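K.L.:
If it helps, the file is called target.pdb and holds PDB, C-alpha atoms:
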ATOM      1  CA  MET T   1      29.582 -39.766 -47.307
ATOM      2  CA  LYS T   2      32.466 -37.349 -47.023
ATOM      3  CA  GLY T   3      34.390 -36.692 -43.812
ATOM      4  CA  ALA T   4      32.954 -33.210 -43.285
ATOM      5  CA  GLU T   5      29.417 -34.496 -43.750
ATOM      6  CA  MET T   6      30.047 -37.359 -41.318
ATOM      7  CA  ARG T   7      31.309 -34.942 -38.692
ATOM      8  CA  PHE T   8      28.154 -32.826 -39.142
ATOM      9  CA  VAL T   9      25.937 -35.881 -38.706
ATOM     10  CA  TRP T  10      27.789 -36.921 -35.561
ATOM     11  CA  ILE T  11      27.391 -33.393 -34.120
ATOM     12  CA  ILE T  12      23.632 -33.442 -34.787
ATOM     13  CA  MET T  13      23.307 -36.887 -33.203
ATOM     14  CA  ALA T  14      25.270 -35.765 -30.151
ATOM     15  CA  LEU T  15      23.045 -32.713 -29.693
ATOM     16  CA  TRP T  16      19.949 -34.895 -30.121
ATOM     17  CA  ALA T  17      21.198 -37.214 -27.386
ATOM     18  CA  VAL T  18      21.797 -34.264 -25.022
ATOM     19  CA  VAL T  19      18.696 -32.083 -25.525
ATOM     20  CA  GLY T  20      16.284 -34.475 -27.240
ATOM     21  CA  PRO T  21      14.001 -33.615 -30.128
ATOM     22  CA  VAL T  22      12.725 -30.031 -30.238
ATOM     23  CA  SER T  23       8.946 -30.082 -30.774
ATOM     24  CA  ALA T  24       5.743 -28.310 -29.801
ATOM     25  CA  GLU T  25       5.245 -30.732 -26.896
ATOM     26  CA  GLN T  26       8.260 -29.230 -25.119
ATOM     27  CA  GLY T  27       7.137 -25.598 -25.528
ATOM     28  CA  GLN T  28       5.600 -23.409 -22.882
ATOM     29  CA  ILE T  29       3.339 -20.397 -22.750
ATOM     30  CA  THR T  30       3.961 -17.828 -19.995
ATOM     31  CA  VAL T  31       1.309 -15.214 -19.264
ATOM     32  CA  MET T  32       0.472 -12.650 -16.597
ATOM     33  CA  GLY T  33      -3.039 -12.367 -15.222
ATOM     34  CA  HIS T  34      -4.507  -9.311 -13.513
ATOM     35  CA  GLY T  35      -7.553  -9.060 -11.283
ATOM     36  CA  THR T  36      -9.121  -5.991  -9.666
ATOM     37  CA  VAL T  37     -12.033  -5.666  -7.262
ATOM     38  CA  ASP T  38     -13.593  -2.364  -6.193
ATOM     39  CA  ALA T  39     -14.922  -2.133  -2.658
ATOM     40  CA  VAL T  40     -16.532   0.548  -0.524
ATOM     41  CA  PRO T  41     -14.322   1.212   2.524
ATOM     42  CA  ASP T  42     -15.669   0.640   6.013
ATOM     43  CA  MET T  43     -12.761   2.043   8.038
ATOM     44  CA  ALA T  44     -10.419   5.025   7.980
ATOM     45  CA  VAL T  45      -6.968   5.395   9.514
ATOM     46  CA  ILE T  46      -5.869   8.933  10.316
ATOM     47  CA  THR T  47      -2.553  10.152  11.662
ATOM     48  CA  LEU T  48      -2.889  13.393  13.572
ATOM     49  CA  GLY T  49      -0.920  15.257  16.160
ATOM     50  CA  VAL T  50      -0.160  18.407  18.059
ATOM     51  CA  SER T  51       2.958  20.579  18.102
ATOM     52  CA  HIS T  52       3.863  23.561  20.294
ATOM     53  CA  GLN T  53       6.866  25.856  20.656
ATOM     54  CA  LYS T  54       7.859  27.309  24.027
ATOM     55  CA  ASP T  55      10.863  29.021  25.551
ATOM     56  CA  THR T  56      11.728  25.953  27.629
ATOM     57  CA  ALA T  57      11.598  22.248  26.898
ATOM     58  CA  ARG T  58       9.522  21.697  30.035
ATOM     59  CA  ASP T  59       6.828  24.143  28.950
ATOM     60  CA  ALA T  60       6.706  22.756  25.398
ATOM     61  CA  VAL T  61       6.279  19.177  26.607
ATOM     62  CA  ALA T  62       3.704  20.200  29.215
ATOM     63  CA  GLU T  63       1.503  22.029  26.705
ATOM     64  CA  VAL T  64       1.669  19.167  24.218
ATOM     65  CA  ALA T  65       0.752  16.735  27.005
ATOM     66  CA  VAL T  66      -2.315  18.781  27.970
ATOM     67  CA  THR T  67      -3.498  19.128  24.364
ATOM     68  CA  SER T  68      -2.836  15.451  23.591
ATOM     69  CA  GLY T  69      -4.862  14.414  26.621
ATOM     70  CA  ALA T  70      -7.783  16.554  25.470
ATOM     71  CA  ILE T  71      -7.619  15.052  21.980
ATOM     72  CA  LEU T  72      -7.597  11.479  23.279
ATOM     73  CA  SER T  73     -10.458  12.266  25.644
ATOM     74  CA  ALA T  74     -12.498  13.713  22.768
ATOM     75  CA  LEU T  75     -11.871  10.603  20.696
ATOM     76  CA  ARG T  76     -13.036   8.350  23.531
ATOM     77  CA  ASP T  77     -16.156  10.477  24.042
ATOM     78  CA  ILE T  78     -17.071  10.072  20.370
ATOM     79  CA  GLY T  79     -16.756   6.296  20.703
ATOM     80  CA  VAL T  80     -13.251   5.453  19.490
ATOM     81  CA  ALA T  81     -12.025   2.405  21.404
ATOM     82  CA  PRO T  82      -8.663   2.597  23.233
ATOM     83  CA  ARG T  83      -7.319  -0.239  21.043
ATOM     84  CA  ASP T  84      -7.862   1.987  18.001
ATOM     85  CA  MET T  85      -5.645   4.814  19.311
ATOM     86  CA  GLN T  86      -1.875   4.481  19.301
ATOM     87  CA  THR T  87       0.909   6.973  19.880
ATOM     88  CA  SER T  88       3.067   6.783  16.763
ATOM     89  CA  GLY T  89       5.557   9.587  17.334
ATOM     90  CA  LEU T  90       7.008  11.789  20.078
ATOM     91  CA  SER T  91       9.643  14.455  19.539
ATOM     92  CA  LEU T  92      11.366  17.360  21.256
ATOM     93  CA  THR T  93      13.691  19.569  19.216
ATOM     94  CA  GLN T  94      15.555  22.823  19.726
ATOM     95  CA  VAL T  95      14.466  25.902  17.800
ATOM     96  CA  TRP T  96      17.457  27.777  16.412
ATOM     97  CA  ASP T  97      17.838  31.390  15.327
ATOM     98  CA  HIS T  98      20.114  31.657  12.270
ATOM     99  CA  ARG T  99      19.114  35.172  11.238
ATOM    100  CA  THR T 100      21.606  37.273  13.242
ATOM    101  CA  SER T 101      24.337  38.288  10.800
ATOM    102  CA  GLY T 102      27.877  37.600  11.975
ATOM    103  CA  GLN T 103      26.714  35.773  15.096
ATOM    104  CA  PRO T 104      26.631  32.016  15.743
ATOM    105  CA  PRO T 105      23.202  30.371  15.764
ATOM    106  CA  ARG T 106      21.484  30.328  19.130
ATOM    107  CA  VAL T 107      18.673  28.340  20.681
ATOM    108  CA  THR T 108      15.531  30.447  21.038
ATOM    109  CA  GLY T 109      13.130  27.776  22.237
ATOM    110  CA  TYR T 110      11.918  24.214  22.024
ATOM    111  CA  GLU T 111       9.301  22.460  19.931
ATOM    112  CA  ALA T 112       7.521  19.378  21.260
ATOM    113  CA  SER T 113       5.124  17.234  19.276
ATOM    114  CA  ASN T 114       2.993  14.150  19.750
ATOM    115  CA  GLN T 115       1.534  12.063  16.935
ATOM    116  CA  VAL T 116      -1.357   9.588  17.217
ATOM    117  CA  THR T 117      -2.666   7.054  14.715
ATOM    118  CA  VAL T 118      -6.401   6.465  14.998
ATOM    119  CA  ARG T 119      -8.639   3.851  13.392
ATOM    120  CA  ILE T 120     -12.165   5.049  12.695
ATOM    121  CA  ARG T 121     -14.517   2.085  12.279
ATOM    122  CA  ASP T 122     -17.654   4.203  11.786
ATOM    123  CA  LEU T 123     -17.127   6.403   8.740
ATOM    124  CA  ALA T 124     -20.348   8.261   9.456
ATOM    125  CA  VAL T 125     -18.597  10.133  12.277
ATOM    126  CA  LEU T 126     -15.248  10.694  10.524
ATOM    127  CA  GLY T 127     -15.966  14.327   9.655
ATOM    128  CA  GLU T 128     -17.241  14.930  13.180
ATOM    129  CA  ILE T 129     -14.089  13.412  14.661
ATOM    130  CA  LEU T 130     -11.838  15.622  12.557
ATOM    131  CA  GLY T 131     -13.779  18.657  13.680
ATOM    132  CA  HIS T 132     -13.566  17.696  17.350
ATOM    133  CA  VAL T 133      -9.842  16.970  17.396
ATOM    134  CA  THR T 134      -9.020  20.253  15.691
ATOM    135  CA  ALA T 135     -11.225  22.041  18.223
ATOM    136  CA  GLU T 136      -9.187  20.385  20.984
ATOM    137  CA  GLY T 137      -5.910  21.603  19.485
ATOM    138  CA  ALA T 138      -4.764  19.080  16.884
ATOM    139  CA  ASN T 139      -2.720  21.100  14.390
ATOM    140  CA  ARG T 140      -0.889  18.416  12.404
ATOM    141  CA  PHE T 141      -2.394  15.891  10.013
ATOM    142  CA  GLN T 142       0.018  13.444   8.426
ATOM    143  CA  GLY T 143      -2.278  11.158   6.456
ATOM    144  CA  LEU T 144      -5.689   9.635   5.821
ATOM    145  CA  GLN T 145      -6.224   6.121   4.508
ATOM    146  CA  PHE T 146      -9.527   4.476   3.725
ATOM    147  CA  THR T 147      -9.444   0.720   4.033
ATOM    148  CA  LEU T 148     -11.445  -2.378   4.942
ATOM    149  CA  GLN T 149     -11.629  -3.904   8.379
ATOM    150  CA  ASP T 150     -11.392  -7.341   6.745
ATOM    151  CA  PRO T 151      -9.793  -7.071   3.272
ATOM    152  CA  LYS T 152      -9.194 -10.827   2.892
ATOM    153  CA  PRO T 153     -12.428 -11.713   0.993
ATOM    154  CA  VAL T 154     -11.850  -8.872  -1.485
ATOM    155  CA  LEU T 155      -8.203  -9.826  -2.010
ATOM    156  CA  GLN T 156      -9.188 -13.466  -2.522
ATOM    157  CA  GLU T 157     -11.659 -12.435  -5.212
ATOM    158  CA  ALA T 158      -8.973 -10.312  -6.894
ATOM    159  CA  ARG T 159      -6.691 -13.366  -6.931
ATOM    160  CA  ARG T 160      -9.426 -15.513  -8.495
ATOM    161  CA  ARG T 161      -9.950 -12.919 -11.192
ATOM    162  CA  ALA T 162      -6.210 -12.735 -11.823
ATOM    163  CA  VAL T 163      -6.008 -16.502 -12.353
ATOM    164  CA  ALA T 164      -9.068 -16.462 -14.621
ATOM    165  CA  ASP T 165      -7.555 -13.609 -16.634
ATOM    166  CA  GLY T 166      -4.277 -15.491 -16.994
ATOM    167  CA  ALA T 167      -6.055 -18.634 -18.153
ATOM    168  CA  ASP T 168      -8.021 -16.642 -20.752
ATOM    169  CA  ARG T 169      -4.814 -15.080 -22.077
ATOM    170  CA  ALA T 170      -3.100 -18.463 -22.300
ATOM    171  CA  ARG T 171      -6.013 -19.951 -24.292
ATOM    172  CA  LEU T 172      -6.019 -16.933 -26.591
ATOM    173  CA  TYR T 173      -2.283 -17.144 -27.285
ATOM    174  CA  ALA T 174      -2.438 -20.891 -27.824
ATOM    175  CA  ASP T 175      -5.286 -20.513 -30.315
ATOM    176  CA  ALA T 176      -3.533 -17.673 -32.120
ATOM    177  CA  ALA T 177      -0.310 -19.714 -32.335
ATOM    178  CA  GLY T 178      -2.107 -22.815 -33.578
ATOM    179  CA  VAL T 179      -1.145 -25.015 -30.647
ATOM    180  CA  THR T 180      -3.048 -26.973 -28.010
ATOM    181  CA  LEU T 181      -2.768 -25.684 -24.461
ATOM    182  CA  GLY T 182      -1.446 -28.214 -21.963
ATOM    183  CA  PRO T 183      -1.581 -28.347 -18.159
ATOM    184  CA  LEU T 184      -0.645 -25.522 -15.855
ATOM    185  CA  LEU T 185       2.974 -26.042 -14.776
ATOM    186  CA  ALA T 186       3.533 -23.156 -12.368
ATOM    187  CA  ILE T 187       1.807 -20.130 -10.897
ATOM    188  CA  GLN T 188       3.348 -17.292  -8.900
ATOM    189  CA  GLU T 189       1.747 -14.238  -7.339
ATOM    190  CA  ALA T 190       3.461 -10.885  -7.739
ATOM    191  CA  GLY T 191       1.772  -9.675  -4.565
ATOM    192  CA  PRO T 192      -1.587  -7.996  -3.961
ATOM    193  CA  SER T 193      -1.899  -4.261  -4.439
ATOM    194  CA  MET T 194      -3.382  -2.369  -1.516
ATOM    195  CA  PRO T 195      -4.825   1.146  -1.765
ATOM    196  CA  ARG T 196      -2.365   3.853  -0.795
ATOM    197  CA  PRO T 197      -2.987   6.460   1.903
ATOM    198  CA  MET T 198      -4.101   9.891   0.770
ATOM    199  CA  PRO T 199      -2.046  12.849   2.025
ATOM    200  CA  MET T 200      -3.748  15.478   4.136
ATOM    201  CA  MET T 201      -2.804  19.023   4.989
ATOM    202  CA  ARG T 202       0.248  19.335   7.236
ATOM    203  CA  GLU T 203      -0.273  22.972   8.181
ATOM    204  CA  SER T 204      -2.174  24.205  11.197
ATOM    205  CA  LEU T 205      -5.947  23.995  10.870
ATOM    206  CA  ALA T 206      -8.542  26.339  12.271
ATOM    207  CA  ALA T 207     -10.274  24.989  15.353
ATOM    208  CA  ASP T 208     -13.735  25.635  13.931
ATOM    209  CA  MET T 209     -12.953  23.978  10.571
ATOM    210  CA  ALA T 210     -15.658  21.754   9.088
ATOM    211  CA  MET T 211     -14.145  18.753   7.332
ATOM    212  CA  PRO T 212     -16.309  17.140   4.629
ATOM    213  CA  VAL T 213     -14.989  13.688   3.700
ATOM    214  CA  ALA T 214     -15.855  11.496   0.703
ATOM    215  CA  GLU T 215     -14.577   7.932   0.951
ATOM    216  CA  GLY T 216     -15.395   6.769  -2.596
ATOM    217  CA  GLU T 217     -14.239   3.255  -3.513
ATOM    218  CA  LEU T 218     -11.016   1.293  -3.121
ATOM    219  CA  ALA T 219      -9.384  -0.822  -5.813
ATOM    220  CA  PHE T 220      -7.718  -4.040  -4.627
ATOM    221  CA  SER T 221      -5.723  -5.882  -7.273
ATOM    222  CA  ALA T 222      -3.619  -9.010  -7.707
ATOM    223  CA  THR T 223      -1.181 -10.146 -10.398
ATOM    224  CA  VAL T 224      -0.053 -13.689 -11.139
ATOM    225  CA  THR T 225       2.434 -15.249 -13.549
ATOM    226  CA  MET T 226       1.251 -18.556 -15.037
ATOM    227  CA  ILE T 227       3.228 -21.073 -17.081
ATOM    228  CA  TYR T 228       1.400 -23.601 -19.257
ATOM    229  CA  ALA T 229       2.770 -26.514 -21.230
ATOM    230  CA  ILE T 230       2.053 -26.757 -24.952
ATOM    231  CA  ALA T 231       0.431 -30.141 -25.585
ATOM    232  CA  GLY T 232       0.921 -30.112 -29.342
ATOM    233  CA  SER T 233      -0.120 -28.519 -32.601
ATOM    234  CA  GLN T 234      -3.755 -28.008 -33.572
TER     235      GLN T 234
END
Kindly transcribe the structure held in the file into structure tokens.
P.N.:
Amino acid sequence: MKGAEMRFVWIIMALWAVVGPVSAEQGQITVMGHGTVDAVPDMAVITLGVSHQKDTARDAVAEVAVTSGAILSALRDIGVAPRDMQTSGLSLTQVWDHRTSGQPPRVTGYEASNQVTVRIRDLAVLGEILGHVTAEGANRFQGLQFTLQDPKPVLQEARRRAVADGADRARLYADAAGVTLGPLLAIQEAGPSMPRPMPMMRESLAADMAMPVAEGELAFSATVTMIYAIAGSQ
């Protein structure tokens, strides 16, 4: 055997000693599994508020306080529990006039606002609640989200479906590649997907507005990454 050939053999043997034999038994199959479950919501979360402009900060805050109190009282009368109402924003800002040509801007008044997040556990009265709060002076709506009071069982089912989907994909790929699927080596969740809130109108609403609401269904999903060993060739 020539010197060059001997050196090549020694290199191969050295690599073999370091990494071992490359075979199907050392291969892996990595797949992603997806699972989705549709569910009818049983709760809504709305973010509403009131905003008023007045010449003085005191008057603006006072009017917002009166209107906010009426809104909260209306919610309690309809049956919303105190634990389901939370103030989520208070603000007081100056109102500036920039329209006078050649003159510096000047303060012409003050705008005060109060924002409340409300959980509605009885969707049958959601439309009625929206009508009542607008009648009491609510003129800002920042969002509406339908959700579940207890989403855990639905999310757990979505996870089960994601794992089952991943296992099916792994078996399919192994069969298509002509190899035998080995044990599951690792599994990692990408994180469950929760339904997003739906935007609502931000402009002032008429006090006598009727608000029809359709809750539809929610889609909860989960995604997992699964790594299987390849046991050998078929």
K.L.:
Could you check which of T:Asp122, T:Asp55, T:Glu136, T:Glu128 is closest to Ile71 of chain T, using only C-alpha atoms?
P.N.:
T:Glu136
K.L.:
Please evaluate the PyMOL selection byres ((chain T and resi 113) around 8) against the displayed coordinates and give the resulting residues as an MDAnalysis selection string.
P.N.:
chainID T and resid 49:52 61 64 89:92 111:112 114:115
K.L.:
Using all atoms listed in the file, pick whichever of T:Ser193, T:Thr108, T:Ala81, T:Val31 has the shortest atom-to-atom distance to Ala57 of chain T.
P.N.:
T:Thr108
K.L.:
On this structure, which residues satisfy the PyMOL selection byres ((chain T and resi 42) around 7), written as a PDB file with C-alpha atoms, in the frame of the given file?
P.N.:
ATOM      1  CA  VAL T  40     -16.532   0.548  -0.524  1.00  0.00           C
ATOM      2  CA  PRO T  41     -14.322   1.212   2.524  1.00  0.00           C
ATOM      3  CA  MET T  43     -12.761   2.043   8.038  1.00  0.00           C
ATOM      4  CA  ARG T 121     -14.517   2.085  12.279  1.00  0.00           C
ATOM      5  CA  LEU T 123     -17.127   6.403   8.740  1.00  0.00           C
ATOM      6  CA  THR T 147      -9.444   0.720   4.033  1.00  0.00           C
ATOM      7  CA  LEU T 148     -11.445  -2.378   4.942  1.00  0.00           C
ATOM      8  CA  GLN T 149     -11.629  -3.904   8.379  1.00  0.00           C
TER       9      GLN T 149
END
K.L.:
Under the rule that all atoms listed in the file are counted, which of T:Ile29, T:Ile120, T:Ala74, T:Ile187 is the nearest residue to Val45 of chain T?
P.N.:
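Nearest candidate to Val45 of chain T out of T:Ile29, T:Ile120, T:Ala74, T:Ile187: T:Ile120.
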K.L.:
Kindly give the distance, in Å, that separates atom CA of Arg119 of chain T and atom CA of Thr36 of chain T, rounded to a single decimal.
P.N.:
25.1 Å
K.L.:
Out of T:Gly166, T:Pro153, T:Gly143, T:Gly109, which residue has the shortest atom-to-atom distance to Met32 of chain T when counting all atoms listed in the file?
P.N.:
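Residue with the minimum atom-to-atom distance to Met32 of chain T: T:Gly166.
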K.L.:
Using the chain letters and residue numbers of this document, give as a ChimeraX atom specification the residues selected by the PyMOL selection byres ((chain T and resi 223-232) around 7).
P.N.:
/T:24-35,162-163,166,179-192,221-222,233-234
K.L.:
Looking at only C-alpha atoms, which of T:Leu130, T:Gly137, T:Asp77, T:Tyr110 is the one that sits closest to Asp59 of chain T?
P.N.:
T:Tyr110
K.L.:
So how many Å separate atom CA of Glu157 of chain T and atom CA of Val37 of chain T, to one decimal?
P.N.:
7.1 Å
K.L.:
So how many Å separate atom CA of Arg58 of chain T and atom CA of Gln103 of chain T, to one decimal?
P.N.:
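According to the coordinates, atom CA of Arg58 of chain T and atom CA of Gln103 of chain T are separated by 26.8 Å.
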K.L.:
Just checking: using only C-alpha atoms, which residue out of T:Arg106, T:Val118, T:Gln142, T:Val125 ends up closest to Gln86 of chain T?
P.N.:
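Ranked by minimum distance to Gln86 of chain T, first place goes to T:Val118.
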K.L.:
Neighbours of Leu72 of chain T within 9 Å (all atoms listed in the file; same-chain residues fewer than 2 positions away dropped), as a count of residues only?
P.N.:
12
K.L.:
Just add N, CA and C atoms to segment 103-125 of chain T and send it as an mmCIF file, keeping the file's coordinate frame.
P.N.:
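As a result, rebuild_0.cif now contains:
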data_model
loop_
_atom_site.group_PDB
_atom_site.id
_atom_site.type_symbol
_atom_site.label_atom_id
_atom_site.label_comp_id
_atom_site.auth_asym_id
_atom_site.auth_seq_id
_atom_site.Cartn_x
_atom_site.Cartn_y
_atom_site.Cartn_z
ATOM 1 N N GLN T 103 26.787 36.414 13.797
ATOM 2 C CA GLN T 103 26.714 35.773 15.096
ATOM 3 C C GLN T 103 26.428 34.278 14.924
ATOM 4 N N PRO T 104 26.933 33.463 15.831
ATOM 5 C CA PRO T 104 26.631 32.016 15.743
ATOM 6 C C PRO T 104 25.153 31.763 16.032
ATOM 7 N N PRO T 105 24.612 30.702 15.481
ATOM 8 C CA PRO T 105 23.202 30.371 15.764
ATOM 9 C C PRO T 105 22.977 30.175 17.257
ATOM 10 N N ARG T 106 21.793 30.502 17.705
ATOM 11 C CA ARG T 106 21.484 30.328 19.130
ATOM 12 C C ARG T 106 20.104 29.699 19.287
ATOM 13 N N VAL T 107 19.938 28.994 20.380
ATOM 14 C CA VAL T 107 18.673 28.340 20.681
ATOM 15 C C VAL T 107 17.696 29.379 21.232
ATOM 16 N N THR T 108 16.541 29.478 20.594
ATOM 17 C CA THR T 108 15.531 30.447 21.038
ATOM 18 C C THR T 108 14.321 29.773 21.677
ATOM 19 N N GLY T 109 14.266 28.462 21.648
ATOM 20 C CA GLY T 109 13.130 27.776 22.237
ATOM 21 C C GLY T 109 13.162 26.294 21.932
ATOM 22 N N TYR T 110 12.042 25.655 22.232
ATOM 23 C CA TYR T 110 11.918 24.214 22.024
ATOM 24 C C TYR T 110 10.555 23.898 21.406
ATOM 25 N N GLU T 111 10.553 22.905 20.541
ATOM 26 C CA GLU T 111 9.301 22.460 19.931
ATOM 27 C C GLU T 111 9.060 21.002 20.291
ATOM 28 N N ALA T 112 7.914 20.742 20.903
ATOM 29 C CA ALA T 112 7.521 19.378 21.260
ATOM 30 C C ALA T 112 6.315 18.983 20.409
ATOM 31 N N SER T 113 6.246 17.716 20.076
ATOM 32 C CA SER T 113 5.124 17.234 19.276
ATOM 33 C C SER T 113 4.757 15.812 19.679
ATOM 34 N N ASN T 114 3.514 15.486 19.466
ATOM 35 C CA ASN T 114 2.993 14.150 19.750
ATOM 36 C C ASN T 114 2.097 13.750 18.586
ATOM 37 N N GLN T 115 2.284 12.548 18.097
ATOM 38 C CA GLN T 115 1.534 12.063 16.935
ATOM 39 C C GLN T 115 0.762 10.811 17.317
ATOM 40 N N VAL T 116 -0.488 10.724 16.883
ATOM 41 C CA VAL T 116 -1.357 9.588 17.217
ATOM 42 C C VAL T 116 -1.973 9.044 15.937
ATOM 43 N N THR T 117 -1.986 7.720 15.831
ATOM 44 C CA THR T 117 -2.666 7.054 14.715
ATOM 45 C C THR T 117 -3.977 6.492 15.229
ATOM 46 N N VAL T 118 -5.057 6.812 14.527
ATOM 47 C CA VAL T 118 -6.401 6.465 14.998
ATOM 48 C C VAL T 118 -7.142 5.700 13.906
ATOM 49 N N ARG T 119 -7.775 4.598 14.301
ATOM 50 C CA ARG T 119 -8.639 3.851 13.392
ATOM 51 C C ARG T 119 -10.092 4.237 13.652
ATOM 52 N N ILE T 120 -10.753 4.654 12.598
ATOM 53 C CA ILE T 120 -12.165 5.049 12.695
ATOM 54 C C ILE T 120 -12.997 3.963 12.030
ATOM 55 N N ARG T 121 -13.747 3.208 12.809
ATOM 56 C CA ARG T 121 -14.517 2.085 12.279
ATOM 57 C C ARG T 121 -15.931 2.481 11.863
ATOM 58 N N ASP T 122 -16.343 3.685 12.200
ATOM 59 C CA ASP T 122 -17.654 4.203 11.786
ATOM 60 C C ASP T 122 -17.410 5.444 10.938
ATOM 61 N N LEU T 123 -17.443 5.285 9.616
ATOM 62 C CA LEU T 123 -17.127 6.403 8.740
ATOM 63 C C LEU T 123 -18.158 7.521 8.816
ATOM 64 N N ALA T 124 -19.316 7.231 9.355
ATOM 65 C CA ALA T 124 -20.348 8.261 9.456
ATOM 66 C C ALA T 124 -19.928 9.391 10.389
ATOM 67 N N VAL T 125 -19.013 9.106 11.317
ATOM 68 C CA VAL T 125 -18.597 10.133 12.277
ATOM 69 C C VAL T 125 -17.194 10.644 11.980
#
